[in-house]
file entry.txt (compact mmCIF, C-alpha atoms)
# COMPACT_ATOMS: atom_id res chain seq x y z
CA MET A 1 13.96 16.41 -20.85
CA ASP A 2 11.12 14.85 -22.80
CA LYS A 3 9.20 13.40 -19.84
CA ILE A 4 5.40 13.42 -19.92
CA ASP A 5 3.00 12.75 -17.05
CA LEU A 6 0.30 10.14 -17.70
CA GLY A 7 -1.44 10.95 -14.41
CA PRO A 8 -1.80 9.02 -11.15
CA ASN A 9 -2.95 5.66 -12.56
CA GLY A 10 0.50 4.18 -13.27
CA PHE A 11 1.60 0.59 -12.76
CA VAL A 12 4.71 -1.46 -12.12
CA TYR A 13 5.94 -3.67 -14.98
CA PRO A 14 5.09 -6.53 -14.97
CA MET A 15 2.85 -7.98 -12.22
CA PRO A 16 2.73 -11.70 -11.33
CA ILE A 17 -0.52 -13.61 -11.91
CA THR A 18 -1.85 -15.73 -9.04
CA LEU A 19 -5.12 -17.49 -8.26
CA ILE A 20 -6.24 -16.59 -4.74
CA GLY A 21 -8.41 -19.21 -3.07
CA ALA A 22 -10.87 -18.78 -0.21
CA ASP A 23 -13.70 -20.80 1.29
CA LEU A 24 -17.22 -19.51 0.66
CA ALA A 25 -20.47 -20.96 1.99
CA ALA A 26 -20.82 -22.82 -1.34
CA GLY A 27 -17.27 -24.20 -1.20
CA PRO A 28 -13.79 -23.11 -2.30
CA ASN A 29 -13.48 -20.28 -4.83
CA PHE A 30 -10.56 -18.94 -6.88
CA MET A 31 -9.92 -15.46 -8.30
CA PRO A 32 -7.00 -14.28 -10.45
CA VAL A 33 -5.04 -11.56 -8.67
CA ALA A 34 -1.96 -9.70 -9.95
CA TRP A 35 -1.74 -7.27 -7.02
CA VAL A 36 0.17 -9.52 -4.64
CA ASN A 37 3.78 -9.57 -3.46
CA ARG A 38 6.08 -10.35 -0.56
CA VAL A 39 6.74 -7.56 1.96
CA GLN A 40 8.88 -9.04 4.77
CA PRO A 41 11.44 -11.86 5.07
CA ASN A 42 10.79 -13.00 8.64
CA PRO A 43 8.18 -13.66 9.72
CA PRO A 44 7.48 -14.20 6.01
CA ARG A 45 4.64 -11.91 5.01
CA LEU A 46 2.86 -11.04 1.80
CA VAL A 47 0.12 -8.60 0.87
CA THR A 48 -2.70 -8.54 -1.64
CA GLY A 49 -5.02 -5.66 -2.55
CA MET A 50 -8.48 -6.90 -3.56
CA GLY A 51 -11.83 -5.16 -4.20
CA LYS A 52 -14.22 -5.53 -1.28
CA VAL A 53 -17.12 -6.52 -3.53
CA HIS A 54 -15.45 -9.78 -4.57
CA ALA A 55 -16.80 -13.06 -3.22
CA THR A 56 -13.22 -14.12 -2.45
CA ASN A 57 -12.79 -11.14 -0.12
CA SER A 58 -15.82 -12.17 1.94
CA GLY A 59 -14.38 -15.67 2.35
CA ILE A 60 -11.03 -14.29 3.48
CA ARG A 61 -12.72 -11.92 5.92
CA GLU A 62 -14.79 -14.76 7.39
CA HIS A 63 -12.00 -17.30 7.88
CA GLY A 64 -8.84 -15.17 8.01
CA GLU A 65 -7.10 -17.60 5.67
CA PHE A 66 -6.44 -17.92 1.95
CA GLY A 67 -4.31 -19.75 -0.58
CA VAL A 68 -2.14 -18.27 -3.35
CA SER A 69 -1.67 -20.62 -6.32
CA ILE A 70 0.62 -19.68 -9.21
CA PRO A 71 -0.83 -20.80 -12.56
CA SER A 72 1.27 -21.55 -15.64
CA VAL A 73 1.21 -20.30 -19.22
CA GLU A 74 -0.63 -23.53 -20.06
CA GLN A 75 -3.41 -22.45 -17.64
CA VAL A 76 -3.87 -18.93 -19.02
CA THR A 77 -7.31 -19.54 -20.52
CA VAL A 78 -8.90 -21.08 -17.42
CA THR A 79 -7.21 -18.46 -15.23
CA ASP A 80 -8.65 -15.62 -17.29
CA TRP A 81 -12.05 -17.34 -17.27
CA CYS A 82 -11.94 -17.26 -13.46
CA GLY A 83 -11.53 -13.48 -13.69
CA LEU A 84 -14.41 -13.04 -16.12
CA ASN A 85 -16.81 -14.99 -13.90
CA SER A 86 -17.85 -14.60 -10.27
CA ALA A 87 -19.05 -16.88 -7.50
CA ASN A 88 -21.44 -13.99 -6.78
CA ARG A 89 -23.08 -14.96 -10.08
CA ASP A 90 -22.97 -18.70 -9.29
CA ALA A 91 -19.79 -19.60 -11.22
CA ASP A 92 -18.36 -22.85 -9.82
CA LYS A 93 -14.61 -22.42 -10.20
CA ALA A 94 -13.51 -25.13 -7.77
CA SER A 95 -14.80 -27.85 -10.11
CA LEU A 96 -12.20 -26.76 -12.69
CA PHE A 97 -9.30 -27.73 -10.46
CA THR A 98 -8.07 -30.36 -8.00
CA VAL A 99 -8.35 -28.52 -4.68
CA PHE A 100 -5.94 -29.37 -1.88
CA ARG A 101 -5.14 -27.96 1.55
CA GLY A 102 -2.02 -27.74 3.69
CA THR A 103 -2.13 -27.25 7.45
CA LEU A 104 -4.73 -24.46 7.46
CA GLU A 105 -8.40 -25.39 7.31
CA HIS A 106 -9.52 -22.55 5.02
CA ALA A 107 -6.67 -21.90 2.56
CA PRO A 108 -7.71 -23.81 -0.59
CA MET A 109 -4.97 -24.30 -3.18
CA ILE A 110 -4.82 -25.76 -6.71
CA ALA A 111 -2.94 -29.02 -7.21
CA GLU A 112 -2.42 -28.31 -10.94
CA CYS A 113 -0.37 -25.20 -10.04
CA ALA A 114 3.39 -25.59 -9.67
CA LEU A 115 3.66 -23.60 -6.45
CA CYS A 116 1.11 -22.57 -3.83
CA LEU A 117 1.35 -20.52 -0.63
CA GLU A 118 -1.00 -21.02 2.30
CA CYS A 119 -1.58 -17.82 4.22
CA ARG A 120 -3.10 -16.61 7.49
CA VAL A 121 -4.29 -13.00 7.65
CA TRP A 122 -2.26 -10.92 10.12
CA GLN A 123 -3.86 -7.51 9.54
CA VAL A 124 -6.43 -5.93 7.20
CA VAL A 125 -6.08 -2.32 6.02
CA ASP A 126 -9.16 -0.61 4.58
CA LEU A 127 -7.94 1.25 1.48
CA GLY A 128 -11.33 2.49 0.26
CA SER A 129 -12.82 0.36 -2.54
CA HIS A 130 -10.21 -2.31 -1.84
CA GLU A 131 -8.83 -3.95 1.27
CA LEU A 132 -5.24 -4.90 1.84
CA PHE A 133 -4.75 -8.34 3.38
CA ILE A 134 -1.37 -8.55 5.14
CA ALA A 135 -0.75 -12.23 5.77
CA ASP A 136 1.74 -14.64 7.27
CA ILE A 137 2.87 -17.37 4.89
CA VAL A 138 2.41 -20.72 6.64
CA GLY A 139 3.46 -23.18 3.95
CA THR A 140 4.93 -23.30 0.42
CA TRP A 141 3.60 -26.27 -1.53
CA THR A 142 5.26 -27.57 -4.67
CA GLU A 143 6.53 -30.84 -6.17
CA GLU A 144 10.03 -32.27 -6.59
CA ARG A 145 9.72 -31.90 -10.38
CA PHE A 146 9.60 -28.08 -10.06
CA LEU A 147 12.83 -27.83 -8.04
CA ASP A 148 16.33 -27.12 -9.33
CA SER A 149 19.40 -29.11 -8.29
CA ASN A 150 19.68 -26.94 -5.16
CA GLY A 151 16.14 -27.79 -4.06
CA LYS A 152 14.77 -24.34 -4.92
CA PRO A 153 11.72 -23.71 -7.13
CA ASP A 154 12.87 -23.20 -10.74
CA ILE A 155 10.87 -20.66 -12.71
CA THR A 156 11.92 -22.29 -15.99
CA LEU A 157 10.07 -25.44 -14.88
CA MET A 158 7.03 -23.57 -13.48
CA HIS A 159 6.14 -21.35 -16.50
CA PRO A 160 4.30 -18.62 -14.56
CA PHE A 161 2.98 -15.60 -16.42
CA MET A 162 2.54 -11.90 -15.80
CA LEU A 163 0.11 -9.06 -16.45
CA THR A 164 0.59 -5.52 -17.71
CA MET A 165 -2.02 -2.81 -17.18
CA PRO A 166 -3.63 -0.68 -18.53
CA ASP A 167 -2.97 -2.48 -21.85
CA ASN A 168 -4.23 -5.73 -20.25
CA ARG A 169 -1.81 -8.23 -21.72
CA TYR A 170 -0.32 -11.48 -20.37
CA TRP A 171 3.39 -12.24 -20.80
CA ALA A 172 5.63 -15.27 -20.41
CA VAL A 173 8.96 -15.10 -18.58
CA GLY A 174 11.97 -14.65 -20.86
CA GLU A 175 15.63 -15.50 -20.48
CA GLN A 176 17.72 -15.21 -17.33
CA ILE A 177 19.82 -12.06 -17.75
CA ALA A 178 22.02 -12.11 -14.63
CA ASP A 179 22.43 -13.23 -11.03
CA ALA A 180 21.07 -10.91 -8.34
CA TRP A 181 23.27 -9.55 -5.52
CA SER A 182 26.12 -10.55 -7.83
CA VAL A 183 26.28 -8.94 -11.30
CA GLY A 184 26.63 -5.50 -9.70
CA ARG A 185 30.14 -6.43 -8.56
CA THR A 186 31.25 -6.02 -12.18
CA PHE A 187 29.91 -2.45 -12.39
CA GLU A 188 32.42 0.27 -13.28
CA ARG A 189 31.55 3.95 -13.18
CA MET B 1 -0.59 -36.23 -4.49
CA ASP B 2 3.12 -35.56 -4.57
CA LYS B 3 3.07 -32.14 -2.93
CA ILE B 4 5.91 -31.20 -0.57
CA ASP B 5 6.05 -28.24 1.85
CA LEU B 6 9.14 -26.01 1.58
CA GLY B 7 8.11 -24.08 4.71
CA PRO B 8 6.88 -20.52 5.23
CA ASN B 9 9.51 -18.66 3.18
CA GLY B 10 7.81 -18.95 -0.22
CA PHE B 11 7.66 -16.30 -2.94
CA VAL B 12 5.52 -15.23 -5.87
CA TYR B 13 7.01 -15.72 -9.34
CA PRO B 14 8.40 -13.42 -10.61
CA MET B 15 8.70 -10.02 -8.85
CA PRO B 16 9.23 -6.71 -10.69
CA ILE B 17 12.47 -4.80 -10.13
CA THR B 18 12.22 -1.11 -9.30
CA LEU B 19 14.60 1.56 -8.00
CA ILE B 20 12.99 3.40 -5.11
CA GLY B 21 14.24 6.93 -4.62
CA ALA B 22 14.14 9.08 -1.49
CA ASP B 23 15.82 12.24 -0.29
CA LEU B 24 18.44 11.86 2.43
CA ALA B 25 20.39 14.63 4.16
CA ALA B 26 23.23 14.00 1.68
CA GLY B 27 20.89 14.11 -1.35
CA PRO B 28 18.73 11.71 -3.35
CA ASN B 29 19.33 7.97 -2.94
CA PHE B 30 18.13 4.92 -4.87
CA MET B 31 17.61 1.33 -3.75
CA PRO B 32 16.49 -1.68 -5.83
CA VAL B 33 13.21 -3.08 -4.52
CA ALA B 34 11.26 -6.06 -5.88
CA TRP B 35 8.61 -6.03 -3.14
CA VAL B 36 6.33 -3.42 -4.65
CA ASN B 37 2.94 -3.62 -6.37
CA ARG B 38 -0.33 -1.82 -6.98
CA VAL B 39 -3.14 -2.46 -4.46
CA GLN B 40 -6.06 -0.18 -5.39
CA PRO B 41 -7.36 1.36 -8.63
CA ASN B 42 -8.83 4.63 -7.29
CA PRO B 43 -7.40 6.49 -5.57
CA PRO B 44 -4.43 4.74 -7.19
CA ARG B 45 -2.34 3.20 -4.45
CA LEU B 46 0.74 1.02 -4.28
CA VAL B 47 2.69 -0.63 -1.46
CA THR B 48 6.30 -1.49 -0.83
CA GLY B 49 7.78 -3.53 2.01
CA MET B 50 11.29 -2.34 2.93
CA GLY B 51 13.67 -3.12 5.81
CA LYS B 52 13.70 -0.36 8.43
CA VAL B 53 17.51 -0.29 8.57
CA HIS B 54 17.80 0.99 5.00
CA ALA B 55 18.84 4.60 4.41
CA THR B 56 16.01 4.89 1.87
CA ASN B 57 13.44 4.07 4.55
CA SER B 58 14.65 6.93 6.76
CA GLY B 59 14.29 9.36 3.85
CA ILE B 60 10.75 8.16 3.14
CA ARG B 61 9.82 8.41 6.81
CA GLU B 62 11.18 11.96 7.01
CA HIS B 63 9.52 13.37 3.89
CA GLY B 64 6.54 11.06 3.32
CA GLU B 65 7.38 10.92 -0.37
CA PHE B 66 9.32 8.63 -2.72
CA GLY B 67 9.82 7.81 -6.38
CA VAL B 68 9.56 4.41 -8.08
CA SER B 69 11.71 4.12 -11.23
CA ILE B 70 11.59 1.01 -13.41
CA PRO B 71 15.04 0.11 -14.75
CA SER B 72 15.62 -1.83 -17.97
CA VAL B 73 17.58 -4.97 -18.81
CA GLU B 74 20.33 -2.65 -20.07
CA GLN B 75 20.56 -1.19 -16.53
CA VAL B 76 20.81 -4.50 -14.67
CA THR B 77 24.44 -4.07 -13.59
CA VAL B 78 24.08 -0.57 -12.14
CA THR B 79 20.76 -1.57 -10.53
CA ASP B 80 22.34 -4.56 -8.80
CA TRP B 81 25.27 -2.38 -7.73
CA CYS B 82 22.80 -0.08 -5.99
CA GLY B 83 21.60 -3.10 -3.99
CA LEU B 84 25.12 -4.16 -3.04
CA ASN B 85 26.02 -0.70 -1.73
CA SER B 86 24.41 1.56 0.85
CA ALA B 87 24.19 5.29 1.45
CA ASN B 88 24.70 4.28 5.09
CA ARG B 89 28.24 3.34 3.97
CA ASP B 90 28.63 6.54 1.93
CA ALA B 91 27.77 5.15 -1.51
CA ASP B 92 26.72 8.02 -3.81
CA LYS B 93 24.09 6.47 -6.06
CA ALA B 94 22.49 9.68 -7.32
CA SER B 95 25.64 10.53 -9.30
CA LEU B 96 25.06 7.42 -11.45
CA PHE B 97 21.80 8.77 -12.84
CA THR B 98 20.08 11.89 -14.11
CA VAL B 99 17.71 12.70 -11.25
CA PHE B 100 14.42 14.45 -11.99
CA ARG B 101 11.31 15.35 -10.03
CA GLY B 102 7.62 15.72 -10.83
CA THR B 103 5.22 17.74 -8.72
CA LEU B 104 6.38 16.41 -5.34
CA GLU B 105 9.41 17.98 -3.70
CA HIS B 106 10.90 14.75 -2.28
CA ALA B 107 10.17 11.98 -4.79
CA PRO B 108 13.41 11.67 -6.80
CA MET B 109 13.16 9.66 -10.02
CA ILE B 110 15.64 8.47 -12.65
CA ALA B 111 15.46 10.05 -16.12
CA GLU B 112 17.22 7.05 -17.72
CA CYS B 113 14.32 4.77 -16.62
CA ALA B 114 11.43 4.30 -19.07
CA LEU B 115 8.68 4.79 -16.48
CA CYS B 116 8.64 6.38 -13.03
CA LEU B 117 5.91 6.82 -10.41
CA GLU B 118 5.95 9.66 -7.91
CA CYS B 119 4.29 8.68 -4.64
CA ARG B 120 3.05 10.26 -1.42
CA VAL B 121 2.85 8.03 1.66
CA TRP B 122 -0.73 7.52 2.86
CA GLN B 123 -0.12 5.09 5.73
CA VAL B 124 2.81 3.16 7.23
CA VAL B 125 2.32 -0.31 8.74
CA ASP B 126 5.01 -1.64 11.07
CA LEU B 127 5.56 -5.28 10.03
CA GLY B 128 8.49 -6.06 12.37
CA SER B 129 11.89 -5.84 10.66
CA HIS B 130 10.25 -4.14 7.68
CA GLU B 131 7.76 -1.36 7.23
CA LEU B 132 5.00 -1.26 4.65
CA PHE B 133 4.62 2.08 2.91
CA ILE B 134 1.09 2.42 1.48
CA ALA B 135 1.22 5.34 -0.93
CA ASP B 136 -0.90 7.38 -3.31
CA ILE B 137 0.49 7.59 -6.82
CA VAL B 138 0.64 11.25 -7.83
CA GLY B 139 2.22 11.07 -11.28
CA THR B 140 3.38 8.56 -13.91
CA TRP B 141 6.36 9.85 -15.84
CA THR B 142 7.46 8.38 -19.15
CA GLU B 143 8.35 9.48 -22.70
CA GLU B 144 6.43 9.32 -25.98
CA ARG B 145 8.92 6.77 -27.31
CA PHE B 146 7.79 4.20 -24.69
CA LEU B 147 4.08 4.43 -25.60
CA ASP B 148 2.15 2.16 -27.95
CA SER B 149 -0.23 3.44 -30.64
CA ASN B 150 -2.97 3.76 -27.99
CA GLY B 151 -0.83 6.01 -25.81
CA LYS B 152 -0.22 3.31 -23.18
CA PRO B 153 3.22 2.28 -21.90
CA ASP B 154 4.49 -0.66 -23.98
CA ILE B 155 6.52 -3.21 -22.05
CA THR B 156 8.23 -4.36 -25.25
CA LEU B 157 9.74 -0.87 -25.56
CA MET B 158 10.59 -0.56 -21.84
CA HIS B 159 12.56 -3.82 -21.28
CA PRO B 160 11.94 -4.11 -17.52
CA PHE B 161 13.28 -7.14 -15.66
CA MET B 162 12.20 -9.34 -12.78
CA LEU B 163 13.63 -11.16 -9.77
CA THR B 164 13.12 -14.66 -8.44
CA MET B 165 13.97 -15.61 -4.87
CA PRO B 166 15.43 -17.60 -3.13
CA ASP B 167 17.50 -18.52 -6.22
CA ASN B 168 18.29 -14.80 -6.73
CA ARG B 169 18.12 -14.57 -10.51
CA TYR B 170 17.05 -11.74 -12.83
CA TRP B 171 14.81 -12.43 -15.83
CA ALA B 172 13.74 -10.58 -18.97
CA VAL B 173 10.11 -10.46 -20.08
CA GLY B 174 9.19 -13.03 -22.73
CA GLU B 175 6.51 -13.15 -25.39
CA GLN B 176 2.93 -11.95 -25.06
CA ILE B 177 0.81 -15.07 -24.58
CA ALA B 178 -2.75 -13.66 -24.53
CA ASP B 179 -5.00 -10.69 -23.83
CA ALA B 180 -6.32 -10.33 -20.27
CA TRP B 181 -10.04 -10.15 -19.49
CA SER B 182 -10.43 -11.64 -22.96
CA VAL B 183 -8.80 -15.03 -23.66
CA GLY B 184 -11.01 -16.65 -20.99
CA ARG B 185 -14.03 -16.20 -23.24
CA THR B 186 -12.68 -19.05 -25.36
CA PHE B 187 -12.52 -21.45 -22.37
CA GLU B 188 -14.54 -24.66 -22.66
CA ARG B 189 -14.91 -27.07 -19.77

call {"tool": "encode", "arguments": {"input": "entry.txt", "output": "structure tokens"}}
result
Amino acid sequence: MDKIDLGPNGFVYPMPITLIGADLAAGPNFMPVAWVNRVQPNPPRLVTGMGKVHATNSGIREHGEFGVSIPSVEQVTVTDWCGLNSANRDADKASLFTVFRGTLEHAPMIAECALCLECRVWQVVDLGSHELFIADIVGTWTEERFLDSNGKPDITLMHPFMLTMPDNRYWAVGEQIADAWSVGRTFER
Amino acid sequence: MDKIDLGPNGFVYPMPITLIGADLAAGPNFMPVAWVNRVQPNPPRLVTGMGKVHATNSGIREHGEFGVSIPSVEQVTVTDWCGLNSANRDADKASLFTVFRGTLEHAPMIAECALCLECRVWQVVDLGSHELFIADIVGTWTEERFLDSNGKPDITLMHPFMLTMPDNRYWAVGEQIADAWSVGRTFER
């Protein structure tokens, strides 16, 4: 076997890019985060691992609420800019977007994004340099134009993008290759 | 604003497909899991949210170790089959693959997958129906043929695939659209 060990700093391939929004004293702020995913169907929960030093973390800790907005390929430059700049260094990111809110008071979301989740923190786990926010999803905000004929969000209309690390590249979504919980029925040993 | 609320059961787009391996009494077992992601750089940690009823969960709980193997587009049918069948109903999934191990005794991985992570559980959070395994990554196993000229795993050589829910579709990775922590420097308001 020709396997080699690259050490402990491995990644999953690929990771979805989101813009996580929180309210700071100066107003809403947004930070690109790829380390986010669902973890439970019901009650619907997601997690995100974020460095404690970030301004966004302090806003989430203060209010216990945050928004997850999914930017599109067309928004890659402004999204990356939000990661290169910090509210801790006076960057005003909210002015780049149309900010909206759902039912929660402190979960700012981005109207220009095709799909946004408003979240309430359920539990925080201290990981070390980062903290893990485990949150209940309260609302899923989108528009009719991003739904398929069954009323479900259609990724081919949303154009989200993904990240790979440690090569630090962004990727578009490619072709549909199969249906899940379905194509496996055709498997033959 | 034309935003509509689809309710609390929203997802991120898209989610990476992995095969999580654990040792059961009958031998190694593998289960497709899309709810997995990195959460901390150092020590390198990842999380996965998995339903407690799964056979794989019981193996992880018993040994505190598991493997994360990343299947390719070419493996979509066997991967989906692993999700349609359960070791709890006597499905033998290990016989479909060449199983290998790194330094941990109970983190089975799949040699036919381009990249595999061996993981040791650091903490378990009870979410309700699911449990969240927070784990330290111990090793990252790949082959020279999947590395780029800088010695980093190259997604264009690995061919991983992704899941969207609730439409339950699998997707290939598309084109590179930009470099991360880079393209934002060209942003002009």

call {"tool": "closest_atom_pairs", "arguments": {"input": "entry.txt", "of": "chain B", "to": "chain A", "cutoff": "6 Å", "atoms": "all atoms listed in the file", "output": "tab-separated table"}}
result
residue	atom	partner	partner_atom	distance
B:Lys3	CA	A:Glu143	CA	4.9
B:Ile4	CA	A:Thr142	CA	5.5
B:Asp5	CA	A:Trp141	CA	4.6
B:Leu6	CA	A:Thr140	CA	5.1
B:Gly7	CA	A:Gly139	CA	4.8
B:Pro8	CA	A:Gly139	CA	4.5
B:Asn9	CA	A:Pro44	CA	5.7
B:Gly10	CA	A:Thr140	CA	5.3
B:Pro14	CA	A:Pro16	CA	6.0
B:Pro16	CA	A:Pro14	CA	6.0
B:Trp35	CA	A:Arg38	CA	5.6
B:Asn37	CA	A:Trp35	CA	6.0
B:Arg38	CA	A:Trp35	CA	5.6
B:Val39	CA	A:Gly49	CA	4.2
B:Gln40	CA	A:His130	CA	5.9
B:Pro44	CA	A:Asn9	CA	5.6
B:Gly49	CA	A:Val39	CA	4.2
B:Thr77	CA	A:Gly184	CA	4.7
B:Asp80	CA	A:Gly184	CA	4.5
B:Trp81	CA	A:Gly184	CA	3.9
B:His130	CA	A:Gln40	CA	5.9
B:Ile137	CA	A:Pro8	CA	5.1
B:Val138	CA	A:Pro8	CA	4.7
B:Gly139	CA	A:Pro8	CA	4.5
B:Thr140	CA	A:Leu6	CA	5.1
B:Trp141	CA	A:Asp5	CA	4.6
B:Thr142	CA	A:Lys3	CA	5.4
B:Glu143	CA	A:Lys3	CA	4.9
B:Asn168	CA	A:Ala180	CA	5.0
B:Arg169	CA	A:Asp179	CA	4.5
B:Tyr170	CA	A:Ala178	CA	5.3
B:Trp171	CA	A:Gln176	CA	4.3
B:Ala172	CA	A:Gly174	CA	4.8
B:Val173	CA	A:Gly174	CA	4.7
B:Gly174	CA	A:Gly174	CA	3.7
B:Glu175	CA	A:Ala172	CA	5.5
B:Gln176	CA	A:Trp171	CA	4.3
B:Ile177	CA	A:Trp171	CA	5.4
B:Ala178	CA	A:Tyr170	CA	5.3
B:Asp179	CA	A:Arg169	CA	4.5
B:Ala180	CA	A:Asn168	CA	5.1
B:Val183	CA	A:Thr77	CA	5.7
B:Gly184	CA	A:Trp81	CA	3.9
B:Phe187	CA	A:Thr77	CA	5.8

call {"tool": "atom_distance", "arguments": {"input": "entry.txt", "atom1": "CA of Ala135 (chain A)", "atom2": "CA of Gly64 (chain A)"}}
result
8.9 Å

call {"tool": "atom_distance", "arguments": {"input": "entry.txt", "atom1": "CA of Glu65 (chain A)", "atom2": "CA of Val124 (chain B)"}}
result
23.1 Å

call {"tool": "atom_distance", "arguments": {"input": "entry.txt", "atom1": "CA of Arg61 (chain A)", "atom2": "CA of Gln75 (chain A)"}}
result
27.4 Å

call {"tool": "residues_near_point", "arguments": {"input": "entry.txt", "point": "(-14.2, -17.0, 1.5)", "cutoff": "6 Å", "atoms": "only C-alpha atoms", "output": "PyMOL selection string"}}
result
chain A and resi 22-24+56+58-60

call {"tool": "decode", "arguments": {"input": "entry.txt", "residues": "region 159-165 of chain A", "atoms": "all heavy atoms", "output": "compact mmCIF listing (two decimals), in the first residue's frame"}}
result
# COMPACT_ATOMS: atom_id res chain seq x y z
N HIS A 159 -26.01 28.99 -6.79
CA HIS A 159 -24.57 29.18 -7.10
C HIS A 159 -23.69 29.37 -5.86
O HIS A 159 -22.87 30.30 -5.84
CB HIS A 159 -24.36 30.39 -8.03
CG HIS A 159 -25.21 30.40 -9.24
ND1 HIS A 159 -25.55 31.56 -9.91
CD2 HIS A 159 -25.83 29.39 -9.91
CE1 HIS A 159 -26.32 31.27 -10.93
NE2 HIS A 159 -26.51 29.97 -10.96
N PRO A 160 -23.81 28.55 -4.85
CA PRO A 160 -22.89 28.68 -3.71
C PRO A 160 -21.48 28.24 -4.13
O PRO A 160 -21.30 27.67 -5.21
CB PRO A 160 -23.46 27.71 -2.68
CG PRO A 160 -24.11 26.66 -3.49
CD PRO A 160 -24.68 27.36 -4.70
N PHE A 161 -20.50 28.49 -3.28
CA PHE A 161 -19.16 28.02 -3.59
C PHE A 161 -18.50 27.42 -2.34
O PHE A 161 -19.04 27.55 -1.24
CB PHE A 161 -18.29 29.11 -4.23
CG PHE A 161 -18.03 30.33 -3.40
CD1 PHE A 161 -16.84 30.49 -2.70
CD2 PHE A 161 -18.97 31.35 -3.32
CE1 PHE A 161 -16.58 31.63 -1.95
CE2 PHE A 161 -18.73 32.49 -2.56
CZ PHE A 161 -17.54 32.63 -1.87
N MET A 162 -17.38 26.76 -2.57
CA MET A 162 -16.75 25.97 -1.51
C MET A 162 -15.27 26.33 -1.39
O MET A 162 -14.68 26.92 -2.29
CB MET A 162 -16.86 24.48 -1.82
CG MET A 162 -18.28 23.96 -1.88
SD MET A 162 -18.93 23.91 -3.57
CE MET A 162 -17.92 22.63 -4.30
N LEU A 163 -14.68 25.89 -0.28
CA LEU A 163 -13.27 26.15 0.01
C LEU A 163 -12.54 24.83 0.17
O LEU A 163 -13.08 23.88 0.74
CB LEU A 163 -13.17 26.94 1.32
CG LEU A 163 -11.77 27.18 1.90
CD1 LEU A 163 -10.97 28.14 1.02
CD2 LEU A 163 -11.86 27.72 3.33
N THR A 164 -11.30 24.77 -0.34
CA THR A 164 -10.39 23.71 0.07
C THR A 164 -9.21 24.32 0.82
O THR A 164 -8.74 25.40 0.48
CB THR A 164 -9.85 22.88 -1.12
OG1 THR A 164 -9.38 23.75 -2.15
CG2 THR A 164 -10.93 21.97 -1.68
N MET A 165 -8.78 23.64 1.86
CA MET A 165 -7.57 23.97 2.62
C MET A 165 -6.72 22.70 2.66
O MET A 165 -7.27 21.61 2.64
CB MET A 165 -7.94 24.41 4.04
CG MET A 165 -8.71 25.70 4.10
SD MET A 165 -9.20 26.12 5.82
CE MET A 165 -7.62 26.53 6.56
